[in-house]
Amino acid sequence: MKKDIINISIVNKGRLKTESENVFKKAKLKILSKSDRSLVASIKGYPLIRVMYMNATEIIEALGTGVCDIGISGKDLWRESDVSIQSKISLVKQYEWGKSDLVVAVSTSWLDCVNPTDLEEISFEFFNKKKRLMRCATKFKNLTNEWMSSRGITQYDLVTSLGATENSVEISKADFITDLSSSGETLRQNNLKVIDDGIILKSSACLFAGKNSLKNKEVKKILKLLIK
Amino acid sequence: MKLKNSFNQILKSQNFKYIELDSIIESKHILKRSGGNFRQYLFSFYDQNFREWSLRPDLTISSVIKFIKEKINNRTKWYYTGEAYRKANTRSSSVIKKQTGFEIYASNNNNKDDEEIVKTSIKILKKTTFKKAQLNIGNIEIFYALVNRLEMPNRWKERIKRHFSREVYLNKLLKKLSTNSDINFEVVKQDKKKAEKLRKENPKKIFSGRSLKEILDRFDIKNYSDPRVNSNKKNVKIIRDYFKISCSIDKAPKILNEFFKKNNLKNIKILFSTNIGRSVPYYSNMVFNIQVNVKGKIHTFVSGGRYNELVKNLGYKKNITAVGAAIDLNLL
């Protein structure tokens, strides 16, 4: 009987790549790659395992669509993904690295805005006085909408940001932002402050598996090694 | 089907005119002007011009939009039947809500039309096979009157009134109010110092879409004009006790008047009240529902109320009154 190949995805660059490769090292799984730029690799002694290097967001999609069985990516990206994707993925282990918080940040000059109830009131100020909705720049539309809704904030517009979200307020693209922050330094440098109760999600790198893949005994074996 | 037809016959005999409603609504009508409470339930998408549209989450909003488009000024009685689409909280709940709704716009006599809507609802109920039912009637204005008479900062009064229709969130707000946990006194101390520095700058200077004057005015109201009152715990208890009131309608005035007297809230005349109508953000005055028992569980079969603000909020230039009700056909 032909055995299926198990696909494992890890991030293709940066610190997350190094940390993910360390997880394999600790599990005594040696990744064999043809070159530094090669995006597909194998594991010594496991001919039926294929390692695929991907973008962190793509890893979540690949897990949800069944393209890969196991993956290491960010919790934030998993929680932000579409419900149809999210519901098909199991979080197996949350790591202590790749940590960052998704936060709500406003201008430090907004002295009167210290918590979500202030933000809600200010949103009405925008609507009633400026005849427009308060704008929030973000890469995380779903998580932001969820947080706003849970805090009773409804009068706002989301502005999509693909990068450098922190400068959206400075360049008047938005009135406040939600973005990932590790130390808070970038926010401070851009005259932004996190409001009280403004942490939307505490994120870090996680080991994920496709729910369907978990039915496969070989996948379970590999996961056991990786979470040791 | 047979029951639905008999409902329609009742409505026709009461001179309600049948109308067809659009299946999709531009999302801004729902999000920006009706309180935004529906955001989490919307099935929405974008057209070729990047305008966001949603499957109608509620038939009343579609009906009001139609009323506005047709520029009607005189008393109008409409009914409609169809499906509303909302994301459900639980896996087992259906996303399709079958409803029949009926409304009276531009009332000449609000009380008479309120009565007609409630009486028509009861007529419809009588056509069903439900063995027991309960009619609950309330008035949101009484809650507003209660909050207005409590001793607390104005911004808190407005917050509480604004979130009457969000039961879970209102509870969170009340908790914050009772514990003063919305204020971090250490941060306030630092911000006061910063404010003094900023006062020297041009008040017209814009910071993230807001003028310095707007920021400082609100800062001053929060930290100087609105004193933190010690009675917040007591106020929260009064509000929570108010929501517990539920009694027969003939006893309501007495019970409510006693409640206000007990809490030392004077100058308020009570007609009746109960704690209902809290899931629909646009009700503003009389609210009612008819509850029935289906397989041992209580369900709301008819819910309705007055929404005088909604027509104006959705863009009509004149003040047009409206009262209506919706029947949950899924229960049949």
# chains A, B, ... in the order shown; residues from 1 in each chain; ligands from 1
call {"tool": "interface_residues", "arguments": {"of": "chain A", "to": "chain B", "cutoff": "10 Å", "atoms": "only C-alpha atoms", "output": "PyMOL selection string"}}
result
chain A and resi 106-118+120-122+125-127+130+132-135+145-146+148-157+168-176+196-197
call {"tool": "write_last_selection", "arguments": {"atoms": "N, CA and C atoms", "output": "tab-separated table (two decimals), in the first residue's frame"}}
result
chain	number	residue	atom	x	y	z
A	106	VAL	N	-3.41	54.57	20.46
A	106	VAL	CA	-3.87	55.90	20.04
A	106	VAL	C	-2.72	56.90	20.21
A	107	SER	N	-2.90	58.07	19.67
A	107	SER	CA	-1.87	59.11	19.79
A	107	SER	C	-1.63	59.46	21.26
A	108	THR	N	-0.38	59.68	21.64
A	108	THR	CA	-0.08	60.05	23.03
A	108	THR	C	-0.70	61.40	23.36
A	109	SER	N	-1.02	62.18	22.33
A	109	SER	CA	-1.65	63.49	22.57
A	109	SER	C	-3.13	63.35	22.93
A	110	TRP	N	-3.70	62.22	22.68
A	110	TRP	CA	-5.11	62.01	23.08
A	110	TRP	C	-5.12	61.72	24.59
A	111	LEU	N	-4.90	62.75	25.37
A	111	LEU	CA	-4.82	62.59	26.82
A	111	LEU	C	-6.11	62.06	27.42
A	112	ASP	N	-7.21	62.37	26.76
A	112	ASP	CA	-8.51	62.00	27.30
A	112	ASP	C	-8.90	60.56	26.95
A	113	CYS	N	-8.04	59.87	26.19
A	113	CYS	CA	-8.39	58.51	25.76
A	113	CYS	C	-7.48	57.51	26.46
A	114	VAL	N	-8.01	56.87	27.49
A	114	VAL	CA	-7.19	55.91	28.22
A	114	VAL	C	-7.76	54.50	28.21
A	115	ASN	N	-9.00	54.34	27.79
A	115	ASN	CA	-9.59	52.99	27.79
A	115	ASN	C	-10.65	52.85	26.69
A	116	PRO	N	-11.20	51.65	26.49
A	116	PRO	CA	-12.16	51.46	25.39
A	116	PRO	C	-13.41	52.33	25.50
A	117	THR	N	-13.85	52.63	26.74
A	117	THR	CA	-15.06	53.46	26.85
A	117	THR	C	-14.78	54.87	26.34
A	118	ASP	N	-13.54	55.35	26.57
A	118	ASP	CA	-13.17	56.66	26.00
A	118	ASP	C	-13.19	56.59	24.48
A	120	GLU	N	-14.85	54.71	22.57
A	120	GLU	CA	-16.23	54.65	22.08
A	120	GLU	C	-16.85	56.04	22.05
A	121	GLU	N	-16.60	56.79	23.14
A	121	GLU	CA	-17.16	58.14	23.21
A	121	GLU	C	-16.56	59.04	22.13
A	122	ILE	N	-15.25	58.88	21.91
A	122	ILE	CA	-14.59	59.70	20.89
A	122	ILE	C	-15.12	59.34	19.49
A	125	GLU	N	-17.88	61.46	18.87
A	125	GLU	CA	-17.43	62.83	18.60
A	125	GLU	C	-17.11	62.96	17.10
A	126	PHE	N	-16.42	61.96	16.55
A	126	PHE	CA	-16.10	61.97	15.11
A	126	PHE	C	-17.38	61.98	14.29
A	127	PHE	N	-18.31	61.12	14.66
A	127	PHE	CA	-19.53	60.96	13.87
A	127	PHE	C	-20.41	62.22	13.94
A	130	LYS	N	-17.58	65.66	13.18
A	130	LYS	CA	-16.80	65.68	11.94
A	130	LYS	C	-17.53	65.00	10.79
A	132	ARG	N	-17.97	62.02	10.04
A	132	ARG	CA	-17.32	60.85	9.45
A	132	ARG	C	-17.02	59.85	10.55
A	133	LEU	N	-16.71	58.62	10.15
A	133	LEU	CA	-16.40	57.61	11.16
A	133	LEU	C	-14.93	57.69	11.54
A	134	MET	N	-14.66	57.34	12.79
A	134	MET	CA	-13.28	57.27	13.27
A	134	MET	C	-12.60	56.12	12.50
A	135	ARG	N	-11.36	56.32	12.06
A	135	ARG	CA	-10.70	55.29	11.22
A	135	ARG	C	-9.60	54.57	11.99
A	145	ASN	N	-12.33	43.83	14.59
A	145	ASN	CA	-13.80	43.93	14.63
A	145	ASN	C	-14.36	43.21	15.85
A	146	GLU	N	-13.80	42.04	16.14
A	146	GLU	CA	-14.27	41.24	17.27
A	146	GLU	C	-14.07	42.02	18.60
A	148	MET	N	-13.62	45.32	18.99
A	148	MET	CA	-14.45	46.54	19.00
A	148	MET	C	-15.87	46.17	19.42
A	149	SER	N	-16.37	45.11	18.81
A	149	SER	CA	-17.74	44.71	19.07
A	149	SER	C	-17.92	44.33	20.54
A	150	SER	N	-16.93	43.62	21.10
A	150	SER	CA	-17.04	43.20	22.50
A	150	SER	C	-16.93	44.38	23.46
A	151	ARG	N	-16.39	45.51	22.99
A	151	ARG	CA	-16.26	46.69	23.85
A	151	ARG	C	-17.32	47.74	23.49
A	152	GLY	N	-18.31	47.35	22.69
A	152	GLY	CA	-19.42	48.25	22.38
A	152	GLY	C	-19.06	49.37	21.43
A	153	ILE	N	-17.91	49.26	20.72
A	153	ILE	CA	-17.51	50.32	19.79
A	153	ILE	C	-18.00	49.92	18.39
A	154	THR	N	-18.88	50.75	17.84
A	154	THR	CA	-19.47	50.38	16.55
A	154	THR	C	-19.26	51.44	15.47
A	155	GLN	N	-18.98	52.69	15.91
A	155	GLN	CA	-18.90	53.78	14.94
A	155	GLN	C	-17.46	53.96	14.47
A	156	TYR	N	-16.98	53.08	13.62
A	156	TYR	CA	-15.60	53.19	13.13
A	156	TYR	C	-15.49	52.54	11.75
A	157	ASP	N	-14.44	52.90	11.05
A	157	ASP	CA	-14.12	52.29	9.76
A	157	ASP	C	-12.75	51.65	9.87
A	168	SER	N	0.54	55.24	10.33
A	168	SER	CA	-0.76	55.60	9.75
A	168	SER	C	-1.39	56.81	10.42
A	169	VAL	N	-1.14	56.95	11.74
A	169	VAL	CA	-1.72	58.08	12.46
A	169	VAL	C	-0.97	59.36	12.08
A	170	GLU	N	0.35	59.25	12.06
A	170	GLU	CA	1.21	60.40	11.74
A	170	GLU	C	0.88	60.97	10.35
A	171	ILE	N	0.63	60.08	9.39
A	171	ILE	CA	0.37	60.56	8.02
A	171	ILE	C	-1.12	60.77	7.75
A	172	SER	N	-1.93	60.75	8.83
A	172	SER	CA	-3.37	61.01	8.76
A	172	SER	C	-4.15	60.00	7.92
A	173	LYS	N	-3.61	58.81	7.81
A	173	LYS	CA	-4.34	57.75	7.09
A	173	LYS	C	-5.41	57.17	8.01
A	174	ALA	N	-5.14	57.25	9.32
A	174	ALA	CA	-6.09	56.72	10.30
A	174	ALA	C	-6.03	57.54	11.58
A	175	ASP	N	-7.02	57.37	12.46
A	175	ASP	CA	-7.05	58.11	13.72
A	175	ASP	C	-6.44	57.31	14.86
A	176	PHE	N	-6.43	56.00	14.72
A	176	PHE	CA	-5.75	55.13	15.69
A	176	PHE	C	-5.44	53.81	14.99
A	196	ASP	N	-5.65	51.19	28.11
A	196	ASP	CA	-5.94	50.15	29.12
A	196	ASP	C	-6.91	49.13	28.51
A	197	ASP	N	-6.74	47.88	28.87
A	197	ASP	CA	-7.59	46.81	28.33
A	197	ASP	C	-7.50	46.78	26.80
call {"tool": "residues_around", "arguments": {"residues": "Thr76 of chain B", "least_positions_apart": "2", "cutoff": "9 Å", "atoms": "only C-alpha atoms", "output": "PyMOL selection string"}}
result
chain B and resi 16-17+72-74+78+103-107
call {"tool": "write_last_selection", "arguments": {"atoms": "N, CA and C atoms", "output": "PDB file, in the first residue's frame"}}
result
ATOM      1  N   PHE B  16     -53.387  46.528   6.344  1.00  0.00           N
ATOM      2  CA  PHE B  16     -51.942  46.584   6.118  1.00  0.00           C
ATOM      3  C   PHE B  16     -51.708  46.197   4.656  1.00  0.00           C
ATOM      4  N   LYS B  17     -50.855  46.963   3.960  1.00  0.00           N
ATOM      5  CA  LYS B  17     -50.602  46.708   2.535  1.00  0.00           C
ATOM      6  C   LYS B  17     -49.324  45.869   2.393  1.00  0.00           C
ATOM      7  N   ILE B  72     -42.755  58.901   1.363  1.00  0.00           N
ATOM      8  CA  ILE B  72     -44.149  58.958   1.811  1.00  0.00           C
ATOM      9  C   ILE B  72     -44.240  59.879   3.026  1.00  0.00           C
ATOM     10  N   ASN B  73     -45.328  60.615   3.107  1.00  0.00           N
ATOM     11  CA  ASN B  73     -45.492  61.537   4.234  1.00  0.00           C
ATOM     12  C   ASN B  73     -46.644  61.171   5.158  1.00  0.00           C
ATOM     13  N   ASN B  74     -47.636  60.472   4.593  1.00  0.00           N
ATOM     14  CA  ASN B  74     -48.842  60.229   5.387  1.00  0.00           C
ATOM     15  C   ASN B  74     -48.824  58.859   6.076  1.00  0.00           C
ATOM     16  N   TRP B  78     -47.900  48.896   6.494  1.00  0.00           N
ATOM     17  CA  TRP B  78     -47.264  47.922   5.602  1.00  0.00           C
ATOM     18  C   TRP B  78     -47.093  46.584   6.304  1.00  0.00           C
ATOM     19  N   GLU B 103     -46.028  47.178  10.127  1.00  0.00           N
ATOM     20  CA  GLU B 103     -45.632  48.471  10.679  1.00  0.00           C
ATOM     21  C   GLU B 103     -46.642  49.564  10.386  1.00  0.00           C
ATOM     22  N   ILE B 104     -46.657  50.541  11.237  1.00  0.00           N
ATOM     23  CA  ILE B 104     -47.440  51.756  10.964  1.00  0.00           C
ATOM     24  C   ILE B 104     -46.475  52.934  11.031  1.00  0.00           C
ATOM     25  N   TYR B 105     -46.365  53.635   9.901  1.00  0.00           N
ATOM     26  CA  TYR B 105     -45.499  54.818   9.847  1.00  0.00           C
ATOM     27  C   TYR B 105     -46.343  56.078   9.968  1.00  0.00           C
ATOM     28  N   ALA B 106     -45.684  57.128  10.395  1.00  0.00           N
ATOM     29  CA  ALA B 106     -46.282  58.473  10.454  1.00  0.00           C
ATOM     30  C   ALA B 106     -47.624  58.464  11.185  1.00  0.00           C
ATOM     31  N   SER B 107     -47.597  57.948  12.412  1.00  0.00           N
ATOM     32  CA  SER B 107     -48.825  57.885  13.212  1.00  0.00           C
ATOM     33  C   SER B 107     -49.398  59.273  13.459  1.00  0.00           C
TER      34      SER B 107
END
call {"tool": "residues_around", "arguments": {"residues": "segment 24-31 of chain A", "least_positions_apart": "2", "cutoff": "8 Å", "atoms": "only C-alpha atoms", "output": "ChimeraX atom specification"}}
result
/A:20-22,33,41-44,51,225-228
call {"tool": "select_by_dssp", "arguments": {"residues": "segment 9-221 of chain B", "states": "alpha helix (DSSP H)", "output": "PyMOL selection string"}}
result
chain B and resi 9-13+27-31+59-69+110-127+140-149+154-162+167-179+185-198+212-220
call {"tool": "atom_distance", "arguments": {"atom1": "atom CA of Tyr46 of chain A", "atom2": "atom CA of Lys224 of chain A"}}
result
14.7 Å
call {"tool": "select_by_dssp", "arguments": {"residues": "segment 14-160 of chain A", "states": "strand (DSSP E)", "output": "ChimeraX atom specification"}}
result
/A:31-33,40-43,46-54,70-74,89-94,100-107,134-138,156-160
call {"tool": "residues_around", "arguments": {"residues": "Lys4 of chain B", "least_positions_apart": "6", "cutoff": "12 Å", "atoms": "only C-alpha atoms", "output": "PDB file with C-alpha atoms, in the first residue's frame"}}
result
ATOM      1  CA  ILE B  10     -55.500  39.107   9.322  1.00  0.00           C
ATOM      2  CA  LEU B  11     -53.042  41.793   8.275  1.00  0.00           C
ATOM      3  CA  TYR B  80     -44.069  41.947   4.533  1.00  0.00           C
ATOM      4  CA  THR B  81     -42.844  38.433   4.874  1.00  0.00           C
ATOM      5  CA  GLY B  82     -39.464  36.905   4.101  1.00  0.00           C
ATOM      6  CA  LYS B  98     -38.197  33.602   8.650  1.00  0.00           C
ATOM      7  CA  GLN B  99     -40.288  36.569   9.626  1.00  0.00           C
ATOM      8  CA  THR B 100     -43.529  38.367   8.961  1.00  0.00           C
ATOM      9  CA  GLY B 101     -43.452  42.010   9.955  1.00  0.00           C
ATOM     10  CA  ILE B 124     -52.167  36.455  15.065  1.00  0.00           C
ATOM     11  CA  LEU B 125     -51.200  34.523  18.187  1.00  0.00           C
ATOM     12  CA  LYS B 127     -54.501  31.628  15.069  1.00  0.00           C
ATOM     13  CA  THR B 128     -51.590  29.459  16.241  1.00  0.00           C
ATOM     14  CA  ILE B 327     -43.401  37.324  13.981  1.00  0.00           C
ATOM     15  CA  ASP B 328     -40.838  34.513  14.185  1.00  0.00           C
ATOM     16  CA  LEU B 329     -42.121  32.014  11.612  1.00  0.00           C
ATOM     17  CA  ASN B 330     -39.324  29.551  12.509  1.00  0.00           C
ATOM     18  CA  LEU B 331     -41.313  28.655  15.623  1.00  0.00           C
ATOM     19  CA  LEU B 332     -44.312  27.371  13.687  1.00  0.00           C
TER      20      LEU B 332
END
call {"tool": "closest_residue", "arguments": {"among": "B:Leu146, B:Lys213, B:Lys12, B:Ser27", "to": "Asp241 of chain B", "atoms": "only C-alpha atoms"}}
result
B:Leu146
call {"tool": "residues_around", "arguments": {"residues": "Gln134 of chain B", "least_positions_apart": "5", "cutoff": "8 Å", "atoms": "only C-alpha atoms", "output": "number ranges by chain"}}
result
B: 290-292
call {"tool": "write_last_selection", "arguments": {"atoms": "N, CA and C atoms", "output": "CSV table (one decimal), in the first residue's frame"}}
result
chain,number,residue,atom,x,y,z
B,290,ILE,N,-44.3,38.7,22.8
B,290,ILE,CA,-45.2,37.7,23.2
B,290,ILE,C,-44.4,36.4,23.2
B,291,GLN,N,-44.3,35.8,24.4
B,291,GLN,CA,-43.5,34.6,24.6
B,291,GLN,C,-44.4,33.4,24.6
B,292,VAL,N,-43.9,32.3,24.0
B,292,VAL,CA,-44.6,31.0,24.0
B,292,VAL,C,-43.7,29.9,24.4
call {"tool": "atom_distance", "arguments": {"atom1": "atom CA of Tyr53 of chain A", "atom2": "atom CA of Lys34 of chain A"}}
result
12.7 Å
call {"tool": "residues_around", "arguments": {"residues": "Leu214 of chain A", "least_positions_apart": "5", "cutoff": "12 Å", "atoms": "only C-alpha atoms", "output": "PDB file with N, CA and C atoms, in the first residue's frame"}}
result
ATOM      1  N   ILE A   6       4.009  13.222   4.280  1.00  0.00           N
ATOM      2  CA  ILE A   6       3.567  14.185   5.301  1.00  0.00           C
ATOM      3  C   ILE A   6       4.276  15.510   5.034  1.00  0.00           C
ATOM      4  N   LEU A  63      -2.480  24.784   6.023  1.00  0.00           N
ATOM      5  CA  LEU A  63      -2.999  23.848   7.025  1.00  0.00           C
ATOM      6  C   LEU A  63      -4.515  23.715   6.886  1.00  0.00           C
ATOM      7  N   GLY A  66      -5.478  21.771   3.753  1.00  0.00           N
ATOM      8  CA  GLY A  66      -4.977  20.386   3.688  1.00  0.00           C
ATOM      9  C   GLY A  66      -3.726  20.228   2.849  1.00  0.00           C
ATOM     10  N   CYS A  68      -0.759  21.208   3.736  1.00  0.00           N
ATOM     11  CA  CYS A  68       0.230  20.641   4.654  1.00  0.00           C
ATOM     12  C   CYS A  68      -0.445  20.080   5.903  1.00  0.00           C
ATOM     13  N   ASP A  69       0.274  19.201   6.596  1.00  0.00           N
ATOM     14  CA  ASP A  69      -0.297  18.484   7.739  1.00  0.00           C
ATOM     15  C   ASP A  69       0.091  19.124   9.068  1.00  0.00           C
ATOM     16  N   ILE A  70       1.342  19.595   9.119  1.00  0.00           N
ATOM     17  CA  ILE A  70       1.867  20.189  10.353  1.00  0.00           C
ATOM     18  C   ILE A  70       2.505  21.526   9.969  1.00  0.00           C
ATOM     19  N   LYS A  88     -10.450  24.364  10.853  1.00  0.00           N
ATOM     20  CA  LYS A  88      -9.869  23.101  10.373  1.00  0.00           C
ATOM     21  C   LYS A  88      -8.458  22.872  10.916  1.00  0.00           C
ATOM     22  N   ILE A  89      -8.039  23.756  11.821  1.00  0.00           N
ATOM     23  CA  ILE A  89      -6.667  23.669  12.339  1.00  0.00           C
ATOM     24  C   ILE A  89      -6.690  23.502  13.859  1.00  0.00           C
ATOM     25  N   SER A  90      -5.830  22.610  14.374  1.00  0.00           N
ATOM     26  CA  SER A  90      -5.704  22.439  15.826  1.00  0.00           C
ATOM     27  C   SER A  90      -4.397  23.056  16.307  1.00  0.00           C
ATOM     28  N   LEU A  91      -4.476  23.791  17.414  1.00  0.00           N
ATOM     29  CA  LEU A  91      -3.251  24.318  18.028  1.00  0.00           C
ATOM     30  C   LEU A  91      -2.686  23.192  18.899  1.00  0.00           C
ATOM     31  N   VAL A  92      -1.464  22.758  18.602  1.00  0.00           N
ATOM     32  CA  VAL A  92      -0.870  21.633  19.334  1.00  0.00           C
ATOM     33  C   VAL A  92      -0.004  22.133  20.485  1.00  0.00           C
ATOM     34  N   PHE A 208       1.019  23.865  14.855  1.00  0.00           N
ATOM     35  CA  PHE A 208      -0.357  23.570  14.440  1.00  0.00           C
ATOM     36  C   PHE A 208      -0.400  22.256  13.663  1.00  0.00           C
ATOM     37  N   ALA A 209      -1.577  21.674  13.634  1.00  0.00           N
ATOM     38  CA  ALA A 209      -1.798  20.511  12.757  1.00  0.00           C
ATOM     39  C   ALA A 209      -3.182  20.614  12.150  1.00  0.00           C
ATOM     40  N   VAL A 219       1.398  11.224  11.295  1.00  0.00           N
ATOM     41  CA  VAL A 219       1.397  12.643  11.685  1.00  0.00           C
ATOM     42  C   VAL A 219       1.473  12.737  13.207  1.00  0.00           C
ATOM     43  N   LYS A 220       0.684  11.900  13.868  1.00  0.00           N
ATOM     44  CA  LYS A 220       0.681  11.912  15.342  1.00  0.00           C
ATOM     45  C   LYS A 220       2.066  11.586  15.892  1.00  0.00           C
ATOM     46  N   LYS A 221       2.750  10.625  15.239  1.00  0.00           N
ATOM     47  CA  LYS A 221       4.099  10.225  15.684  1.00  0.00           C
ATOM     48  C   LYS A 221       5.053  11.414  15.591  1.00  0.00           C
ATOM     49  N   ILE A 222       5.023  12.115  14.461  1.00  0.00           N
ATOM     50  CA  ILE A 222       5.916  13.261  14.259  1.00  0.00           C
ATOM     51  C   ILE A 222       5.611  14.357  15.288  1.00  0.00           C
ATOM     52  N   LEU A 223       4.316  14.582  15.525  1.00  0.00           N
ATOM     53  CA  LEU A 223       3.934  15.619  16.504  1.00  0.00           C
ATOM     54  C   LEU A 223       4.483  15.278  17.882  1.00  0.00           C
ATOM     55  N   LYS A 224       4.414  13.983  18.217  1.00  0.00           N
ATOM     56  CA  LYS A 224       4.924  13.542  19.520  1.00  0.00           C
ATOM     57  C   LYS A 224       6.387  13.913  19.671  1.00  0.00           C
TER      58      LYS A 224
END
call {"tool": "residues_around", "arguments": {"residues": "segment 78-82 of chain A", "least_positions_apart": "6", "cutoff": "12 Å", "atoms": "only C-alpha atoms", "output": "MDAnalysis selection string"}}
result
chainID A and resid 56:65 71:72 88:91 102 138:147 200:210
